[in-house]
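Only one structure is covered here, and it is reproduced in the block below.
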Amino acid sequence: MKLTDRERKILNNTFLDYQQTSAFLEAPLIIDKAEGLYYWDTEGKRYFDAIGGIFVASLGHRHPRVIEALRKQADRVTFAPPLHGVAKTTLEFIEKLGSVTPGNLNYIKPYSGGSESVESAMKFVRQYYKQTGHPEKYKFISRYFGYHGSTFGAMAASGTGKRKSKFEPQMAGFLKVPPPTYWRDRFSSWDECNRFSARLFEDVILNEDPATVAGILVEPIGNTGGIITPTEEYFQILRDLCDRHNVMLIFDEIITGFGKTGKMFAAQTFGVTPDILCSGKGLSSGVMPLGAMMAREDMAEAFYGPAEAEVQFAHGNTFAGNPLACAVGMAVIDEIVEKKLDQKARRLGEYLLKKLETLKQYGVVREVRGRGILLGVELVKDTGTNQPFPELGRALKKTALENGLIMRIDPTWFAVAPALIAEESDLDEMMGLIEKSFKEALNRV
Ligand SMILES: Cc1ncc(COP(=O)(O)O)c(C=O)c1O
């Protein structure tokens, strides 16, 4: 699209997330309107949103039920003062969210997004251990290639070096292990590679001294490393070693939550319940900023006592539990539950996986992976050497935009996660755009 001088000037005064303005100016996208599976730019060009914005618009854009819930709530109360009260809608939201969480993850604090949820989960765990006789437990182990948010704690837990090194020194007490994809060429089977990768967490716990380790934090499916999808056994091993060493298992389900993987949460897809689960993105389908931390119900006891004991969670945010956002979240959950959209994600995912697999005919796709409709395609120079092919990803970024397609491209892999309102015919349209863009990108490199 062409930019006006005014747009260009404003863009120069605008911070774009994790990208350089000069690069954005070469292939800009200014969105004017959105509905369902589509965006329109300011010139009226339509784009198929294959990634729900960025794993957010779980029900598509401006879903009528969600917009109606927002309108109704706007007519009642739009803000409740956190230090003096709590909105009725917020309580209803907590009850509703608790009804769909795995296990007994019913001790819930709503937030305005993913970073807040992760940041608070780690503070919560540290305070929990201080109040339950283990004040020396403070370390967290997470994974390289993982991303948990932009705030200081969530950033320290993230494993994306280049996003962090500019802000060093990082906080102390954050350790990392590589994800299973890092070792896969050294093992003859993916299962064995996963067993080894999961046990690395235990090596770190033992060598650090288990008495100092508070939590393991992982995305069940790791986006930033290219839709890294461990085995179910990987998570069973993590669960087991967390239990044996009194370490909290925290799932960052900011991408994987709310139906995408074929169940409401990836914890259910992989059959392992964490002690704490963090969510964001798809919970509001993008209609309001919303996230939540869900902890084991029994953990609430450690934070309950007389006022003078001051054992309450020493944490809060002005907009956390905002009634507008909570009304939106309830409508999203109701829609997913009533329409069984998680089951639909499983069905659509199988359909989409087969379609994406057809890209292997071009000889530059190593693997298509993921669960449900959260799928990723790894790009390589040839499937003999499996050398990464970032040039192809960069070219694909351009051709996709030219063809009116929005995906996550990073650049040695690309990911799709279309909204749960999509039907097979929509996926056919999306796949047509993907293949066209893919072939054009291949011709350019
Ligand atoms: C897995 C994961 N965790 C945490 C976050 C941070 O969420 P937010 O950007 O809403 O603060 C993100 C954002 O992309 C994410 O993908």
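Order determines the names: the first chain of the structure tokens is A, the second B, and so forth; residues in each chain are numbered 1 upward, and ligands are numbered 1 upward as they are shown.
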
Considering only C-alpha atoms and all ligand atoms, give me a table of residues in chain A that are at most 9 Å from ligand 1, with the closest atom pair and distance in Å for each, as a Markdown table.
| residue | atom | partner | partner_atom_place_in_ligand_line | distance |
| --- | --- | --- | --- | --- |
| A:Ile54 | CA | ligand 1 | 14 (O) | 7.5 |
| A:Phe55 | CA | ligand 1 | 16 (O) | 8.0 |
| A:Ser112 | CA | ligand 1 | 10 (O) | 7.5 |
| A:Gly113 | CA | ligand 1 | 10 (O) | 4.0 |
| A:Gly114 | CA | ligand 1 | 7 (O) | 3.2 |
| A:Ser115 | CA | ligand 1 | 11 (O) | 3.5 |
| A:Glu116 | CA | ligand 1 | 11 (O) | 6.3 |
| A:Ser117 | CA | ligand 1 | 11 (O) | 7.9 |
| A:Val118 | CA | ligand 1 | 4 (C) | 6.8 |
| A:Gly146 | CA | ligand 1 | 1 (C) | 7.2 |
| A:Tyr147 | CA | ligand 1 | 2 (C) | 5.3 |
| A:His148 | CA | ligand 1 | 3 (N) | 3.7 |
| A:Gly149 | CA | ligand 1 | 6 (C) | 3.7 |
| A:Ser150 | CA | ligand 1 | 11 (O) | 6.3 |
| A:Thr151 | CA | ligand 1 | 11 (O) | 7.9 |
| A:Ala154 | CA | ligand 1 | 4 (C) | 7.6 |
| A:Ser158 | CA | ligand 1 | 3 (N) | 8.7 |
| A:Val218 | CA | ligand 1 | 1 (C) | 8.5 |
| A:Glu219 | CA | ligand 1 | 1 (C) | 5.9 |
| A:Pro220 | CA | ligand 1 | 1 (C) | 8.9 |
| A:Ile221 | CA | ligand 1 | 1 (C) | 8.4 |
| A:Gly222 | CA | ligand 1 | 1 (C) | 7.0 |
| A:Asn223 | CA | ligand 1 | 1 (C) | 6.6 |
| A:Thr224 | CA | ligand 1 | 16 (O) | 7.5 |
| A:Asp252 | CA | ligand 1 | 1 (C) | 5.8 |
| A:Glu253 | CA | ligand 1 | 1 (C) | 6.4 |
| A:Ile254 | CA | ligand 1 | 2 (C) | 5.0 |
| A:Ile255 | CA | ligand 1 | 1 (C) | 5.4 |
| A:Thr256 | CA | ligand 1 | 1 (C) | 7.9 |
| A:Cys278 | CA | ligand 1 | 3 (N) | 8.2 |
| A:Ser279 | CA | ligand 1 | 3 (N) | 8.0 |
| A:Gly280 | CA | ligand 1 | 10 (O) | 5.9 |
| A:Lys281 | CA | ligand 1 | 10 (O) | 6.1 |
| A:Pro289 | CA | ligand 1 | 10 (O) | 7.8 |
| A:Leu290 | CA | ligand 1 | 10 (O) | 8.0 |
| A:Gly291 | CA | ligand 1 | 10 (O) | 7.3 |

For the residues selected in the previous step, produce a file with N, CA, C and O atoms as a short mmCIF file (atom, residue, chain, number, x, y, z; two decimals), in the first residue's frame.
data_model
loop_
_atom_site.label_atom_id
_atom_site.label_comp_id
_atom_site.auth_asym_id
_atom_site.auth_seq_id
_atom_site.Cartn_x
_atom_site.Cartn_y
_atom_site.Cartn_z
N ILE A 54 -2.68 -11.77 15.98
CA ILE A 54 -1.46 -12.46 16.42
C ILE A 54 -1.89 -13.44 17.51
O ILE A 54 -1.72 -13.18 18.69
N PHE A 55 -2.57 -14.50 17.09
CA PHE A 55 -3.11 -15.54 17.97
C PHE A 55 -4.20 -14.99 18.90
O PHE A 55 -4.42 -15.53 19.98
N SER A 112 -4.61 -7.43 32.21
CA SER A 112 -4.86 -6.78 30.92
C SER A 112 -4.10 -7.42 29.77
O SER A 112 -4.09 -6.87 28.67
N GLY A 113 -3.41 -8.53 30.02
CA GLY A 113 -2.69 -9.15 28.91
C GLY A 113 -1.74 -10.23 29.40
O GLY A 113 -1.70 -10.56 30.59
N GLY A 114 -0.95 -10.76 28.46
CA GLY A 114 -0.09 -11.89 28.74
C GLY A 114 1.07 -11.58 29.67
O GLY A 114 1.33 -12.33 30.61
N SER A 115 1.79 -10.49 29.38
CA SER A 115 2.98 -10.18 30.21
C SER A 115 2.59 -10.01 31.67
O SER A 115 3.27 -10.50 32.57
N GLU A 116 1.49 -9.31 31.90
CA GLU A 116 1.03 -9.10 33.29
C GLU A 116 0.72 -10.43 33.96
O GLU A 116 1.00 -10.61 35.15
N SER A 117 0.15 -11.35 33.19
CA SER A 117 -0.23 -12.65 33.77
C SER A 117 1.02 -13.43 34.16
O SER A 117 1.09 -14.01 35.25
N VAL A 118 2.02 -13.44 33.27
CA VAL A 118 3.25 -14.20 33.56
C VAL A 118 4.03 -13.55 34.70
O VAL A 118 4.50 -14.22 35.63
N GLY A 146 11.92 -19.49 24.04
CA GLY A 146 10.59 -19.19 24.57
C GLY A 146 10.38 -17.68 24.65
O GLY A 146 11.34 -16.91 24.74
N TYR A 147 9.12 -17.28 24.66
CA TYR A 147 8.80 -15.87 24.88
C TYR A 147 7.66 -15.79 25.88
O TYR A 147 6.63 -16.45 25.71
N HIS A 148 7.86 -15.00 26.93
CA HIS A 148 6.84 -14.93 27.97
C HIS A 148 6.37 -13.50 28.24
O HIS A 148 5.57 -13.29 29.14
N GLY A 149 6.89 -12.53 27.49
CA GLY A 149 6.40 -11.17 27.67
C GLY A 149 7.49 -10.15 27.74
O GLY A 149 8.69 -10.47 27.72
N SER A 150 7.07 -8.90 27.85
CA SER A 150 8.01 -7.78 27.68
C SER A 150 8.45 -7.14 29.00
O SER A 150 9.39 -6.36 29.02
N THR A 151 7.77 -7.44 30.09
CA THR A 151 8.14 -6.82 31.37
C THR A 151 9.40 -7.50 31.91
O THR A 151 9.81 -8.55 31.41
N ALA A 154 9.10 -11.31 33.02
CA ALA A 154 8.70 -12.14 31.87
C ALA A 154 9.81 -12.14 30.82
O ALA A 154 10.06 -13.16 30.17
N SER A 158 12.18 -15.22 29.37
CA SER A 158 12.16 -15.51 27.94
C SER A 158 13.54 -15.95 27.47
O SER A 158 14.56 -15.57 28.04
N VAL A 218 6.89 -22.96 31.05
CA VAL A 218 7.00 -23.33 29.62
C VAL A 218 5.71 -22.99 28.87
O VAL A 218 4.62 -23.01 29.45
N GLU A 219 5.88 -22.67 27.58
CA GLU A 219 4.72 -22.63 26.69
C GLU A 219 4.49 -24.08 26.25
O GLU A 219 5.44 -24.70 25.74
N PRO A 220 3.29 -24.62 26.38
CA PRO A 220 3.09 -26.01 25.93
C PRO A 220 3.48 -26.18 24.46
O PRO A 220 4.12 -27.17 24.10
N ILE A 221 3.09 -25.23 23.63
CA ILE A 221 3.59 -25.22 22.25
C ILE A 221 4.34 -23.90 22.10
O ILE A 221 3.78 -22.83 22.28
N GLY A 222 5.63 -24.00 21.81
CA GLY A 222 6.48 -22.81 21.79
C GLY A 222 6.39 -22.09 20.46
O GLY A 222 6.81 -22.64 19.43
N ASN A 223 5.86 -20.90 20.50
CA ASN A 223 5.69 -20.16 19.23
C ASN A 223 7.01 -19.68 18.67
O ASN A 223 7.37 -19.99 17.53
N THR A 224 7.77 -18.93 19.49
CA THR A 224 8.93 -18.21 18.98
C THR A 224 9.98 -19.12 18.34
O THR A 224 10.67 -18.73 17.43
N ASP A 252 2.51 -21.29 30.29
CA ASP A 252 2.18 -20.04 29.60
C ASP A 252 1.30 -20.43 28.41
O ASP A 252 1.79 -20.87 27.38
N GLU A 253 -0.01 -20.26 28.61
CA GLU A 253 -0.97 -20.64 27.55
C GLU A 253 -1.55 -19.40 26.88
O GLU A 253 -2.71 -19.37 26.48
N ILE A 254 -0.72 -18.36 26.81
CA ILE A 254 -1.19 -17.10 26.24
C ILE A 254 -1.53 -17.29 24.76
O ILE A 254 -2.47 -16.69 24.25
N ILE A 255 -0.78 -18.15 24.08
CA ILE A 255 -1.13 -18.49 22.70
C ILE A 255 -2.03 -19.71 22.64
O ILE A 255 -3.01 -19.74 21.89
N THR A 256 -1.72 -20.73 23.43
CA THR A 256 -2.38 -22.03 23.24
C THR A 256 -3.76 -22.14 23.88
O THR A 256 -4.48 -23.10 23.60
N CYS A 278 -1.20 -19.37 32.76
CA CYS A 278 -1.32 -17.95 32.39
C CYS A 278 -2.00 -17.85 31.03
O CYS A 278 -1.68 -18.61 30.12
N SER A 279 -2.90 -16.89 30.92
CA SER A 279 -3.59 -16.75 29.63
C SER A 279 -3.66 -15.30 29.22
O SER A 279 -3.35 -14.39 30.00
N GLY A 280 -4.10 -15.08 27.99
CA GLY A 280 -4.23 -13.73 27.43
C GLY A 280 -4.82 -13.86 26.05
O GLY A 280 -5.70 -14.69 25.81
N LYS A 281 -4.32 -13.10 25.13
CA LYS A 281 -4.67 -13.15 23.69
C LYS A 281 -6.12 -13.60 23.41
O LYS A 281 -7.04 -12.80 23.48
N PRO A 289 -8.36 -5.61 26.02
CA PRO A 289 -7.14 -6.22 26.56
C PRO A 289 -7.51 -7.07 27.78
O PRO A 289 -8.14 -6.57 28.71
N LEU A 290 -7.15 -8.35 27.77
CA LEU A 290 -7.54 -9.24 28.87
C LEU A 290 -6.58 -10.42 28.99
O LEU A 290 -6.17 -11.01 27.98
N GLY A 291 -6.22 -10.73 30.20
CA GLY A 291 -5.42 -11.92 30.48
C GLY A 291 -5.87 -12.45 31.84
O GLY A 291 -6.74 -11.86 32.49
#

Closest atom pairs, residues of range 40-60 of chain A within 12 Å of range 64-76 of chain A, only C-alpha atoms, as a tab-separated table:
residue	atom	partner	partner_atom	distance
A:Ala57	CA	A:Val66	CA	11.2
A:Ser58	CA	A:Val66	CA	11.3
A:Leu59	CA	A:Val66	CA	8.9
A:Gly60	CA	A:Pro64	CA	9.9

Can you pull out the residues contacting Glu357 in chain A? Cut-off 10 Å, using only C-alpha atoms, and skip same-chain residues under 4 positions away; I want them as a VMD selection string.
chain A and resid 352 to 353 361 365 to 369 377

Non-local contacts of Cys326 in chain A (9 Å; only C-alpha atoms; under 6 positions in same chain excluded) as a VMD selection string:
chain A and resid 89 to 94 110 284 288 290

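Using only C-alpha atoms, the shortest contact distance between Asn246 in chain A and any of A:Leu16, A:Leu392, A:Ile205, A:Leu277 is found at A:Ile205.
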
If we count only C-alpha atoms and set the cut-off at 10 Å, which residues sit around Cys242 in chain A, ignoring sequence neighbours fewer than 6 positions away in its own chain? Please answer as a VMD selection string.
chain A and resid 201 to 202 205 210 213 to 216 236 248 to 249 274 to 275

Among the residues of range 177-364 of chain A, find those DSSP assigns to alpha helix (DSSP H) from the backbone and print them as a ChimeraX atom specification.
/A:190-208,232-244,266-270,323-338,341-357

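Relative to CA of Gly52 in chain A, CA of Val77 in chain A is found at 28.5 Å.
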
Of the listed residues A:Ser425, A:Lys398, A:Arg184, A:Asp191, that which approaches Asn386 in chain A most closely, counting only C-alpha atoms
A:Arg184

Nearby residues (only C-alpha atoms) at most 10 Å from Pro135 in chain A, same-chain spacing under 4 positions excluded, as a PyMOL selection string
chain A and resi 126-131+211-212+214

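Taking CA of Tyr107 in chain A and CA of Arg239 in chain A as the two end points, the separation is 19.6 Å.
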
Using only C-alpha atoms, the best pick from A:Phe48, A:Trp40, A:Trp190, A:Phe319 as closest to Glu429 in chain A would be A:Phe48

Looking at A:Leu401, A:Ala415, A:Lys88, A:Met155, which one is nearest to Tyr39 in chain A, with distances taken over only C-alpha atoms?
A:Leu401

Which residues are close to Leu442 in chain A, i.e. within 12 Å by only C-alpha atoms, leaving aside same-chain residues fewer than 6 positions away? Reply as number ranges by chain.
A: 359, 362-365, 379-381, 389-399, 435-436

Determine which residues of range 117-327 of chain A receive a DSSP assignment of strand (DSSP E or B), computed from the backbone, and state them as a ChimeraX atom specification.
/A:139-143,174-177,213-218,222,228,248-252,276-279,291-295
